[in-house]
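*Asks:* The file below is upload16.csv, CSV, C-alpha atoms:
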```csv
chain,number,residue,atom,x,y,z
E,1,MET,CA,114.1,95.8,99.2
E,2,SER,CA,116.4,98.3,97.6
E,3,LEU,CA,116.4,101.9,98.9
E,4,ILE,CA,114.9,104.7,96.7
E,5,TYR,CA,117.1,107.2,98.5
E,6,GLN,CA,120.3,106.7,100.5
E,7,TYR,CA,121.4,109.1,103.2
E,8,PRO,CA,125.1,110.0,103.5
E,9,PRO,CA,126.6,108.7,106.8
E,10,LEU,CA,124.5,110.2,109.6
E,11,ILE,CA,125.4,111.1,113.1
E,12,GLN,CA,123.2,110.3,116.1
E,13,GLY,CA,122.3,112.5,119.0
E,14,ARG,CA,119.5,113.7,121.2
E,15,LEU,CA,117.3,116.7,120.7
E,16,ILE,CA,117.9,119.4,123.4
E,17,LYS,CA,115.7,122.2,121.9
E,18,ARG,CA,114.5,123.8,118.7
E,19,TYR,CA,114.3,127.6,118.4
E,20,LYS,CA,114.0,130.5,116.0
E,21,ARG,CA,112.3,128.0,113.6
E,22,PHE,CA,115.5,127.1,111.8
E,23,LEU,CA,117.8,126.1,114.7
E,24,ALA,CA,118.0,122.9,116.8
E,25,ASP,CA,120.5,122.2,119.6
E,26,ILE,CA,121.5,118.5,119.7
E,27,GLU,CA,123.8,116.6,121.9
E,28,LEU,CA,125.7,114.0,119.9
E,29,ASP,CA,126.5,110.6,121.2
E,30,THR,CA,130.1,111.8,121.7
E,31,GLY,CA,128.8,114.4,124.2
E,32,GLU,CA,129.4,117.4,121.9
E,33,VAL,CA,126.6,119.8,121.6
E,34,ILE,CA,126.0,121.2,118.1
E,35,THR,CA,123.5,123.6,116.5
E,36,ALA,CA,121.9,122.1,113.4
E,37,HIS,CA,119.8,123.6,110.7
E,38,CYS,CA,116.1,122.7,111.0
E,39,PRO,CA,114.6,122.6,107.5
E,40,ASN,CA,111.0,122.2,108.8
E,41,THR,CA,109.8,125.7,109.7
E,42,GLY,CA,106.3,124.6,110.8
E,43,PRO,CA,105.2,123.7,114.4
E,44,MET,CA,106.2,120.0,114.0
E,45,THR,CA,103.2,119.0,116.0
E,46,GLY,CA,103.6,115.6,117.5
E,47,VAL,CA,107.1,115.4,116.2
E,48,TYR,CA,109.0,117.9,118.3
E,49,VAL,CA,109.7,115.8,121.3
E,50,LEU,CA,112.6,116.9,123.5
E,51,GLY,CA,115.1,114.2,124.5
E,52,SER,CA,114.3,112.0,121.5
E,53,LEU,CA,117.0,110.4,119.4
E,54,VAL,CA,117.8,112.3,116.2
E,55,GLN,CA,120.0,111.8,113.2
E,56,VAL,CA,122.0,114.7,111.5
E,57,SER,CA,124.0,115.0,108.4
E,58,LYS,CA,127.2,117.0,108.2
E,59,SER,CA,128.3,119.1,105.2
E,60,ASP,CA,131.9,119.9,104.3
E,61,ASN,CA,130.8,123.1,102.5
E,62,PRO,CA,132.8,125.9,104.2
E,63,LYS,CA,130.3,128.5,103.0
E,64,ARG,CA,127.5,127.1,105.1
E,65,LYS,CA,126.7,128.8,108.3
E,66,LEU,CA,125.7,125.5,109.9
E,67,ALA,CA,127.5,122.4,109.0
E,68,TYR,CA,124.8,120.1,110.4
E,69,THR,CA,121.3,119.4,109.2
E,70,TRP,CA,118.6,117.7,111.3
E,71,GLU,CA,117.4,114.8,109.1
E,72,MET,CA,115.0,112.7,111.3
E,73,ILE,CA,113.7,112.0,114.8
E,74,GLN,CA,112.8,108.7,116.5
E,75,LEU,CA,109.3,108.5,118.0
E,76,GLY,CA,108.9,105.1,119.7
E,77,SER,CA,110.4,102.7,117.2
E,78,THR,CA,109.6,104.8,114.2
E,79,TRP,CA,111.9,107.3,112.5
E,80,VAL,CA,110.2,110.4,111.1
E,81,GLY,CA,111.8,112.6,108.5
E,82,THR,CA,112.3,116.2,109.5
E,83,ASN,CA,114.2,117.5,106.4
E,84,THR,CA,111.5,118.9,104.2
E,85,ALA,CA,113.8,119.0,101.2
E,86,ILE,CA,114.1,115.2,101.1
E,87,PRO,CA,110.5,114.3,99.9
E,88,ASN,CA,110.9,116.2,96.6
E,89,ARG,CA,114.3,114.5,96.0
E,90,VAL,CA,112.8,111.1,96.7
E,91,ILE,CA,109.7,111.7,94.5
E,92,LYS,CA,111.9,113.0,91.6
E,93,LEU,CA,114.0,109.8,91.8
E,94,ALA,CA,110.8,107.7,91.9
E,95,LEU,CA,109.3,109.5,88.9
E,96,GLN,CA,112.5,109.2,86.9
E,97,GLN,CA,112.7,105.5,87.6
E,98,LYS,CA,108.9,105.0,87.2
E,99,LEU,CA,108.6,103.4,90.6
E,100,LEU,CA,105.1,104.8,91.4
E,101,PRO,CA,102.7,102.4,89.6
E,102,GLU,CA,99.7,104.8,89.7
E,103,LEU,CA,101.6,107.2,87.5
E,104,ALA,CA,104.3,105.1,85.8
E,105,ASP,CA,102.6,104.4,82.4
E,106,ARG,CA,101.2,108.0,82.0
E,107,TYR,CA,104.3,110.0,81.1
E,108,SER,CA,107.8,109.9,79.5
E,109,ALA,CA,109.3,113.1,80.6
E,110,VAL,CA,109.7,114.7,84.1
E,111,LYS,CA,110.3,118.4,84.7
E,112,SER,CA,110.7,120.1,88.1
E,113,GLU,CA,109.6,123.5,89.4
E,114,VAL,CA,107.5,124.4,86.4
E,115,PRO,CA,105.6,127.8,86.5
E,116,TYR,CA,101.8,127.4,86.4
E,117,GLY,CA,98.6,129.1,87.5
E,118,LYS,CA,96.7,132.1,86.2
E,119,ASP,CA,99.6,134.5,86.8
E,120,LYS,CA,102.4,131.9,86.3
E,121,LYS,CA,103.8,133.0,89.7
E,122,SER,CA,103.4,129.6,91.3
E,123,ARG,CA,105.6,126.6,90.5
E,124,VAL,CA,104.4,123.0,90.6
E,125,ASP,CA,106.8,120.5,92.0
E,126,PHE,CA,106.7,118.2,88.9
E,127,LEU,CA,105.2,118.3,85.4
E,128,LEU,CA,104.8,114.9,83.7
E,129,THR,CA,104.4,114.9,79.9
E,130,GLY,CA,105.1,113.2,76.6
E,131,LYS,CA,103.1,109.9,76.8
E,132,ASP,CA,101.2,109.5,73.5
E,133,ASN,CA,98.3,111.9,73.5
E,134,GLN,CA,97.7,111.9,77.2
E,135,PRO,CA,97.2,115.2,79.0
E,136,ALA,CA,100.0,116.7,81.1
E,137,ILE,CA,100.0,115.8,84.8
E,138,TYR,CA,100.8,118.4,87.4
E,139,VAL,CA,102.1,116.9,90.7
E,140,GLU,CA,102.3,118.8,93.9
E,141,VAL,CA,104.1,117.1,96.9
E,142,LYS,CA,103.5,117.6,100.6
E,143,SER,CA,105.4,116.1,103.4
E,144,VAL,CA,103.3,114.5,106.1
E,145,THR,CA,104.6,114.0,109.7
E,146,LEU,CA,101.5,114.4,111.9
E,147,SER,CA,99.8,111.2,113.0
E,148,ALA,CA,97.2,109.9,115.4
E,149,ASN,CA,96.8,106.2,116.0
E,150,ARG,CA,98.6,105.2,112.7
E,151,LEU,CA,96.5,107.8,110.8
E,152,ALA,CA,98.7,110.3,108.9
E,153,LEU,CA,97.2,113.8,108.8
E,154,PHE,CA,98.0,117.0,106.8
E,155,PRO,CA,98.4,119.8,107.6
E,156,ASP,CA,99.7,120.2,111.1
E,157,THR,CA,98.8,123.9,111.2
E,158,VAL,CA,96.9,126.4,109.1
E,159,THR,CA,98.6,126.6,105.7
E,160,THR,CA,97.5,129.4,103.3
E,161,ARG,CA,100.2,128.3,100.9
E,162,GLY,CA,98.7,124.8,100.8
E,163,GLN,CA,95.2,126.2,100.3
E,164,LYS,CA,96.5,128.2,97.4
E,165,HIS,CA,98.1,125.1,95.8
E,166,LEU,CA,94.8,123.2,96.1
E,167,ARG,CA,92.9,126.0,94.3
E,168,GLU,CA,95.5,126.2,91.5
E,169,LEU,CA,95.5,122.4,91.0
E,170,ALA,CA,91.7,122.3,90.8
E,171,ASP,CA,91.8,125.1,88.2
E,172,LEU,CA,93.9,122.9,85.9
E,173,VAL,CA,91.2,120.3,85.5
E,174,PRO,CA,89.9,119.1,83.0
E,175,ALA,CA,92.4,120.6,80.6
E,176,ALA,CA,95.2,118.8,82.4
E,177,LYS,CA,95.5,116.2,85.1
E,178,ALA,CA,96.4,117.3,88.6
E,179,VAL,CA,97.8,115.1,91.5
E,180,MET,CA,98.2,116.0,95.1
E,181,LEU,CA,100.9,113.6,96.3
E,182,TYR,CA,101.2,113.3,100.1
E,183,PHE,CA,104.6,112.0,101.2
E,184,ILE,CA,103.9,110.2,104.5
E,185,ASN,CA,107.3,110.8,106.1
E,186,ARG,CA,107.1,107.8,108.5
E,187,GLY,CA,106.4,104.1,108.1
E,188,ASP,CA,103.9,103.5,110.9
E,189,CYS,CA,100.8,105.0,109.3
E,190,HIS,CA,98.5,103.0,107.1
E,191,THR,CA,95.8,105.5,106.4
E,192,PHE,CA,95.7,109.2,105.5
E,193,ALA,CA,93.1,112.0,106.0
E,194,PRO,CA,93.0,115.8,105.9
E,195,SER,CA,93.5,117.3,109.3
E,196,ASP,CA,90.4,119.4,109.7
E,197,THR,CA,91.3,120.0,113.4
E,198,CYS,CA,94.4,121.9,112.3
E,199,ASP,CA,93.0,123.6,109.2
E,200,ARG,CA,89.3,123.1,108.4
E,201,GLN,CA,89.5,125.2,105.2
E,202,TYR,CA,92.3,123.1,103.8
E,203,GLY,CA,90.2,120.0,104.3
E,204,GLU,CA,87.2,121.6,102.6
E,205,LEU,CA,89.4,122.7,99.7
E,206,LEU,CA,90.8,119.2,99.3
E,207,ARG,CA,87.4,117.7,99.1
E,208,GLN,CA,86.3,120.3,96.6
E,209,ALA,CA,89.5,119.7,94.5
E,210,ILE,CA,88.7,115.9,94.5
E,211,ALA,CA,85.2,116.6,93.3
E,212,LYS,CA,86.6,118.6,90.4
E,213,GLY,CA,88.9,115.7,89.4
E,214,VAL,CA,92.2,116.3,91.4
E,215,GLU,CA,93.7,112.9,92.2
E,216,VAL,CA,95.0,112.2,95.7
E,217,LEU,CA,98.0,109.8,96.2
E,218,PRO,CA,99.1,109.4,99.8
E,219,TYR,CA,102.3,107.3,99.6
E,220,ARG,CA,103.8,105.7,102.6
E,221,PHE,CA,107.6,105.8,103.2
E,222,GLU,CA,109.8,104.0,105.7
E,223,ILE,CA,112.5,106.3,107.0
E,224,THR,CA,115.7,104.8,108.4
E,225,PRO,CA,119.2,106.2,109.0
E,226,GLN,CA,120.4,104.3,106.0
E,227,GLY,CA,117.7,105.5,103.5
E,228,ILE,CA,114.1,105.5,102.4
E,229,ASN,CA,111.8,102.8,101.1
E,230,CYS,CA,108.4,103.3,99.4
E,231,LEU,CA,105.7,101.2,101.1
E,232,GLY,CA,103.0,101.9,98.6
E,233,LEU,CA,99.7,103.8,98.9
E,234,ALA,CA,97.9,104.4,102.2
E,235,ASP,CA,94.2,104.1,102.5
E,236,PHE,CA,92.6,107.5,102.0
E,237,LEU,CA,89.8,108.7,104.3
E,238,ASP,CA,87.8,111.7,103.1
E,239,ARG,CA,87.3,113.1,106.6
E,240,GLU,CA,89.3,113.1,109.8
E,241,PRO,CA,87.7,110.7,112.3
E,242,VAL,CA,89.8,111.8,115.3
E,243,LYS,CA,90.6,114.9,117.2
E,244,ILE,CA,94.2,116.1,117.6
E,245,ASN,CA,95.1,117.3,121.1
```
Produce structure tokens that represent the structure in this file.
*Replies:*
Amino acid sequence: MSLIYQYPPLIQGRLIKRYKRFLADIELDTGEVITAHCPNTGPMTGVYVLGSLVQVSKSDNPKRKLAYTWEMIQLGSTWVGTNTAIPNRVIKLALQQKLLPELADRYSAVKSEVPYGKDKKSRVDFLLTGKDNQPAIYVEVKSVTLSANRLALFPDTVTTRGQKHLRELADLVPAAKAVMLYFINRGDCHTFAPSDTCDRQYGELLRQAIAKGVEVLPYRFEITPQGINCLGLADFLDREPVKIN
């Protein structure tokens, strides 16, 4: 299976600590201790495990304050993506190459970061247009790393921003199509559900959005130090059947 996305050569190490949200100290296999940029500013519940193997990329840009970026962490035998910028890059490539069958025949043009909403102050991740007389499709992407017993869960904390996105997507229907695409950033989960334990209001808003016509597409992705594969859709559960400790 060909990779949708290929990483640059990555460097392996072990996680020492994460602090100030954006920083992570990592001991490389060479013994050198470096400070890497942590793109995920959330709590990283269930993913922040000290001593775990990690992979970092290194930039040659002299203007960067930190040359290294924390890309992924290994939990058991599964690599989990930690760079929150990657899912949108992967989905953009997948949309441009029409690799997502649930959407592939419904558009001919892809635009990124398009203003929308009542005040036009929000930006949707992708706008799909141009397929015959079909309505425009607004696609919002969320990275999912929290899991329990192979069940992927979102969010891992209260997210007022995520709640706002659900309300705005629901407001688009029926004049346009709206899709909430969950990027399951690990290959060991086969089902997806809203995490009511972490944010009950988000779960309620998601169910309300679905009732109004918002589509939910939870895509599974296998993360490896070489690159990322799409594993297809996960099964969607409309409620969280487990409690998160």
*Asks:* Quick one: distance from atom CA of Ala36 of chain E to atom CA of Phe183 of chain E in Å, one decimal?
*Replies:*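 Interatomic distance, atom CA of Ala36 of chain E to atom CA of Phe183 of chain E: 23.5 Å.
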*Asks:* So that I can check the surroundings of Ile228 of chain E, please list as a short mmCIF file (atom, residue, chain, number, x, y, z; two decimals) with C-alpha atoms, keeping the file's coordinate frame every protein, DNA and RNA residue that reaches within 6 Å of it, counting all atoms listed in the file and ignoring chain neighbours fewer than 3 positions away.
*Replies:*
```
data_model
loop_
_atom_site.label_atom_id
_atom_site.label_comp_id
_atom_site.auth_asym_id
_atom_site.auth_seq_id
_atom_site.Cartn_x
_atom_site.Cartn_y
_atom_site.Cartn_z
CA LEU E 3 116.40 101.90 98.90
CA ILE E 4 114.90 104.70 96.70
CA TYR E 5 117.10 107.20 98.50
CA GLU E 222 109.80 104.00 105.70
CA ILE E 223 112.50 106.30 107.00
#
```
*Asks:* Please tabulate, as a Markdown table, the residues of segment 176-235 of chain E that come within 12 Å of segment 104-124 of chain E, each with its closest pair of atoms and the distance in Å to one decimal, counting only C-alpha atoms and ordering rows by chain, then residue number upward.
*Replies:*
```
| residue | atom | partner | partner_atom | distance |
| --- | --- | --- | --- | --- |
| E:Ala176 | CA | E:Tyr116 | CA | 11.6 |
| E:Lys177 | CA | E:Arg106 | CA | 10.5 |
| E:Ala178 | CA | E:Val124 | CA | 10.0 |
| E:Val179 | CA | E:Val124 | CA | 10.3 |
| E:Met180 | CA | E:Val124 | CA | 10.4 |
| E:Leu181 | CA | E:Val124 | CA | 11.5 |
```
*Asks:* What does the distance between atom CA of Gln12 of chain E and atom CA of Glu27 of chain E come to in Å, to one decimal place?
*Replies:* 8.6 Å
*Asks:* In Å, how far is it from atom CA of Gln163 of chain E to atom CA of Pro194 of chain E?
*Replies:*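 Interatomic distance here is 12.0 Å.
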*Asks:* Give the padded box for segment 135-147 of chain E as JSON: axis-aligned, covering all atoms listed in the file, 8 Å on each side, centre and edge lengths in Å to one decimal.
*Replies:*
```
{"center_x": 101.3, "center_y": 115.0, "center_z": 96.0, "size_x": 24.2, "size_y": 23.6, "size_z": 50.0}
```
*Asks:* Please determine, counting all atoms listed in the file, which residue among E:His37, E:His165, E:Arg220, E:His190 has the shortest atom-to-atom distance to Lys65 of chain E.
*Replies:* E:His37
*Asks:* Give the answer as one residue: which of E:Leu127, E:Ile91, E:Leu15, E:Ala148 has the shortest atom-to-atom distance to Leu169 of chain E, using only C-alpha atoms?
*Replies:*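 Using only C-alpha atoms, Leu169 of chain E sits closest to E:Leu127.
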*Asks:* At most 8 Å from (97.4, 109.3, 97.8), file frame, all atoms listed in the file: which residues, as JSON, numbers by chain?
*Replies:* {"E": [180, 181, 182, 192, 215, 216, 217, 218, 219, 233, 234, 235, 236]}
*Asks:* Could you list, as a list in words, every residue within 8 Å of Ser195 of chain E, counting only C-alpha atoms and ignoring same-chain residues fewer than 5 positions away?
*Replies:*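 The residues satisfying every condition are Leu153, Phe154, Pro155, Asp156, Arg200, Gly203, Arg239 and Glu240 of chain E.
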*Asks:* May I ask which of the residues E:Leu151, E:Ala94, E:Val144, E:Ala136 is the closest one to Gly81 of chain E, counting only C-alpha atoms?
*Replies:*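 Ranked by minimum distance to Gly81 of chain E, first place goes to E:Val144.
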*Asks:* From the set E:Ser59, E:Thr157, E:Asn185, E:Asn229, which residue has the shortest atom-to-atom contact distance to Asp199 of chain E, counting only C-alpha atoms?
*Replies:*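 For Asp199 of chain E, the nearest of the given residues is E:Thr157.
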*Asks:* Taking only C-alpha atoms into account, which of E:Ala152, E:Leu99, E:Ala175, E:Val80 comes nearest Ser2 of chain E?
*Replies:*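 So, comparing all the options, the nearest one is E:Leu99.
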*Asks:* Under the rule that only C-alpha atoms are counted, which of E:Thr191, E:Gln226, E:Thr159, E:Gln55 is the nearest residue to Glu71 of chain E?
*Replies:*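 Using only C-alpha atoms, the shortest distance to Glu71 of chain E belongs to E:Gln55.
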*Asks:* Compute the distance from (106.9, 103.4, 112.8) to each atom, counting only C-alpha atoms, keep the residues with any atom at most 9 Å away, and return them as a ChimeraX atom specification; use the coordinates of the file.
*Replies:* /E:74-80,150,186-189,222-223
*Asks:* Is there a way to complete segment 173-205 of chain E with N, CA and C atoms and then write that out as a PDB file, in the coordinates of the input?
*Replies:*
```pdb
ATOM      1  N   VAL E 173      92.110 121.338  86.006  1.00  0.00           N
ATOM      2  CA  VAL E 173      91.200 120.300  85.500  1.00  0.00           C
ATOM      3  C   VAL E 173      90.019 120.933  84.826  1.00  0.00           C
ATOM      4  N   PRO E 174      89.540 120.408  83.667  1.00  0.00           N
ATOM      5  CA  PRO E 174      89.900 119.100  83.000  1.00  0.00           C
ATOM      6  C   PRO E 174      90.935 119.269  81.904  1.00  0.00           C
ATOM      7  N   ALA E 175      91.455 120.467  81.654  1.00  0.00           N
ATOM      8  CA  ALA E 175      92.400 120.600  80.600  1.00  0.00           C
ATOM      9  C   ALA E 175      93.667 119.796  80.776  1.00  0.00           C
ATOM     10  N   ALA E 176      94.026 119.592  82.032  1.00  0.00           N
ATOM     11  CA  ALA E 176      95.200 118.800  82.400  1.00  0.00           C
ATOM     12  C   ALA E 176      94.811 117.903  83.575  1.00  0.00           C
ATOM     13  N   LYS E 177      95.688 116.979  83.908  1.00  0.00           N
ATOM     14  CA  LYS E 177      95.500 116.200  85.100  1.00  0.00           C
ATOM     15  C   LYS E 177      96.270 116.818  86.255  1.00  0.00           C
ATOM     16  N   ALA E 178      95.726 116.685  87.451  1.00  0.00           N
ATOM     17  CA  ALA E 178      96.400 117.300  88.600  1.00  0.00           C
ATOM     18  C   ALA E 178      96.402 116.224  89.741  1.00  0.00           C
ATOM     19  N   VAL E 179      97.550 116.127  90.398  1.00  0.00           N
ATOM     20  CA  VAL E 179      97.800 115.100  91.500  1.00  0.00           C
ATOM     21  C   VAL E 179      98.301 115.810  92.698  1.00  0.00           C
ATOM     22  N   MET E 180      97.652 115.574  93.828  1.00  0.00           N
ATOM     23  CA  MET E 180      98.200 116.000  95.100  1.00  0.00           C
ATOM     24  C   MET E 180      98.821 114.733  95.739  1.00  0.00           C
ATOM     25  N   LEU E 181     100.147 114.736  95.836  1.00  0.00           N
ATOM     26  CA  LEU E 181     100.900 113.600  96.300  1.00  0.00           C
ATOM     27  C   LEU E 181     101.341 113.865  97.764  1.00  0.00           C
ATOM     28  N   TYR E 182     100.822 113.121  98.699  1.00  0.00           N
ATOM     29  CA  TYR E 182     101.200 113.300 100.100  1.00  0.00           C
ATOM     30  C   TYR E 182     102.306 112.272 100.432  1.00  0.00           C
ATOM     31  N   PHE E 183     103.449 112.796 100.825  1.00  0.00           N
ATOM     32  CA  PHE E 183     104.600 112.000 101.200  1.00  0.00           C
ATOM     33  C   PHE E 183     104.555 111.723 102.676  1.00  0.00           C
ATOM     34  N   ILE E 184     104.059 110.541 103.056  1.00  0.00           N
ATOM     35  CA  ILE E 184     103.900 110.200 104.500  1.00  0.00           C
ATOM     36  C   ILE E 184     105.323 109.839 104.981  1.00  0.00           C
ATOM     37  N   ASN E 185     105.887 110.769 105.747  1.00  0.00           N
ATOM     38  CA  ASN E 185     107.300 110.800 106.100  1.00  0.00           C
ATOM     39  C   ASN E 185     107.594 109.899 107.325  1.00  0.00           C
ATOM     40  N   ARG E 186     106.904 108.763 107.415  1.00  0.00           N
ATOM     41  CA  ARG E 186     107.100 107.800 108.500  1.00  0.00           C
ATOM     42  C   ARG E 186     106.394 106.518 108.107  1.00  0.00           C
ATOM     43  N   GLY E 187     106.937 105.405 108.597  1.00  0.00           N
ATOM     44  CA  GLY E 187     106.400 104.100 108.100  1.00  0.00           C
ATOM     45  C   GLY E 187     105.367 103.479 108.968  1.00  0.00           C
ATOM     46  N   ASP E 188     104.879 104.163 110.009  1.00  0.00           N
ATOM     47  CA  ASP E 188     103.900 103.500 110.900  1.00  0.00           C
ATOM     48  C   ASP E 188     102.483 103.897 110.660  1.00  0.00           C
ATOM     49  N   CYS E 189     102.204 104.626 109.594  1.00  0.00           N
ATOM     50  CA  CYS E 189     100.800 105.000 109.300  1.00  0.00           C
ATOM     51  C   CYS E 189     100.307 104.279 108.073  1.00  0.00           C
ATOM     52  N   HIS E 190      99.100 103.752 108.178  1.00  0.00           N
ATOM     53  CA  HIS E 190      98.500 103.000 107.100  1.00  0.00           C
ATOM     54  C   HIS E 190      97.365 103.670 106.395  1.00  0.00           C
ATOM     55  N   THR E 191      96.875 104.752 106.996  1.00  0.00           N
ATOM     56  CA  THR E 191      95.800 105.500 106.400  1.00  0.00           C
ATOM     57  C   THR E 191      96.157 107.006 106.427  1.00  0.00           C
ATOM     58  N   PHE E 192      95.453 107.786 105.601  1.00  0.00           N
ATOM     59  CA  PHE E 192      95.700 109.200 105.500  1.00  0.00           C
ATOM     60  C   PHE E 192      94.371 109.963 105.458  1.00  0.00           C
ATOM     61  N   ALA E 193      94.336 111.154 106.075  1.00  0.00           N
ATOM     62  CA  ALA E 193      93.100 112.000 106.000  1.00  0.00           C
ATOM     63  C   ALA E 193      93.566 113.458 106.137  1.00  0.00           C
ATOM     64  N   PRO E 194      92.739 114.375 105.627  1.00  0.00           N
ATOM     65  CA  PRO E 194      93.000 115.800 105.900  1.00  0.00           C
ATOM     66  C   PRO E 194      92.771 116.122 107.331  1.00  0.00           C
ATOM     67  N   SER E 195      93.610 116.988 107.882  1.00  0.00           N
ATOM     68  CA  SER E 195      93.500 117.300 109.300  1.00  0.00           C
ATOM     69  C   SER E 195      92.607 118.555 109.460  1.00  0.00           C
ATOM     70  N   ASP E 196      91.311 118.286 109.567  1.00  0.00           N
ATOM     71  CA  ASP E 196      90.400 119.400 109.700  1.00  0.00           C
ATOM     72  C   ASP E 196      90.550 120.097 111.061  1.00  0.00           C
ATOM     73  N   THR E 197      91.041 119.393 112.066  1.00  0.00           N
ATOM     74  CA  THR E 197      91.300 120.000 113.400  1.00  0.00           C
ATOM     75  C   THR E 197      92.315 121.135 113.244  1.00  0.00           C
ATOM     76  N   CYS E 198      93.341 120.913 112.439  1.00  0.00           N
ATOM     77  CA  CYS E 198      94.400 121.900 112.300  1.00  0.00           C
ATOM     78  C   CYS E 198      94.067 122.980 111.268  1.00  0.00           C
ATOM     79  N   ASP E 199      93.368 122.618 110.190  1.00  0.00           N
ATOM     80  CA  ASP E 199      93.000 123.600 109.200  1.00  0.00           C
ATOM     81  C   ASP E 199      91.769 123.118 108.433  1.00  0.00           C
ATOM     82  N   ARG E 200      90.615 123.540 108.946  1.00  0.00           N
ATOM     83  CA  ARG E 200      89.300 123.100 108.400  1.00  0.00           C
ATOM     84  C   ARG E 200      89.190 123.542 106.928  1.00  0.00           C
ATOM     85  N   GLN E 201      89.653 124.744 106.600  1.00  0.00           N
ATOM     86  CA  GLN E 201      89.500 125.200 105.200  1.00  0.00           C
ATOM     87  C   GLN E 201      90.302 124.383 104.262  1.00  0.00           C
ATOM     88  N   TYR E 202      91.488 123.957 104.680  1.00  0.00           N
ATOM     89  CA  TYR E 202      92.300 123.100 103.800  1.00  0.00           C
ATOM     90  C   TYR E 202      91.525 121.804 103.516  1.00  0.00           C
ATOM     91  N   GLY E 203      90.936 121.201 104.551  1.00  0.00           N
ATOM     92  CA  GLY E 203      90.200 120.000 104.300  1.00  0.00           C
ATOM     93  C   GLY E 203      89.020 120.178 103.384  1.00  0.00           C
ATOM     94  N   GLU E 204      88.315 121.298 103.514  1.00  0.00           N
ATOM     95  CA  GLU E 204      87.200 121.600 102.600  1.00  0.00           C
ATOM     96  C   GLU E 204      87.693 121.787 101.181  1.00  0.00           C
ATOM     97  N   LEU E 205      88.806 122.502 101.027  1.00  0.00           N
ATOM     98  CA  LEU E 205      89.400 122.700  99.700  1.00  0.00           C
ATOM     99  C   LEU E 205      89.838 121.432  99.058  1.00  0.00           C
TER     100      LEU E 205
END
```
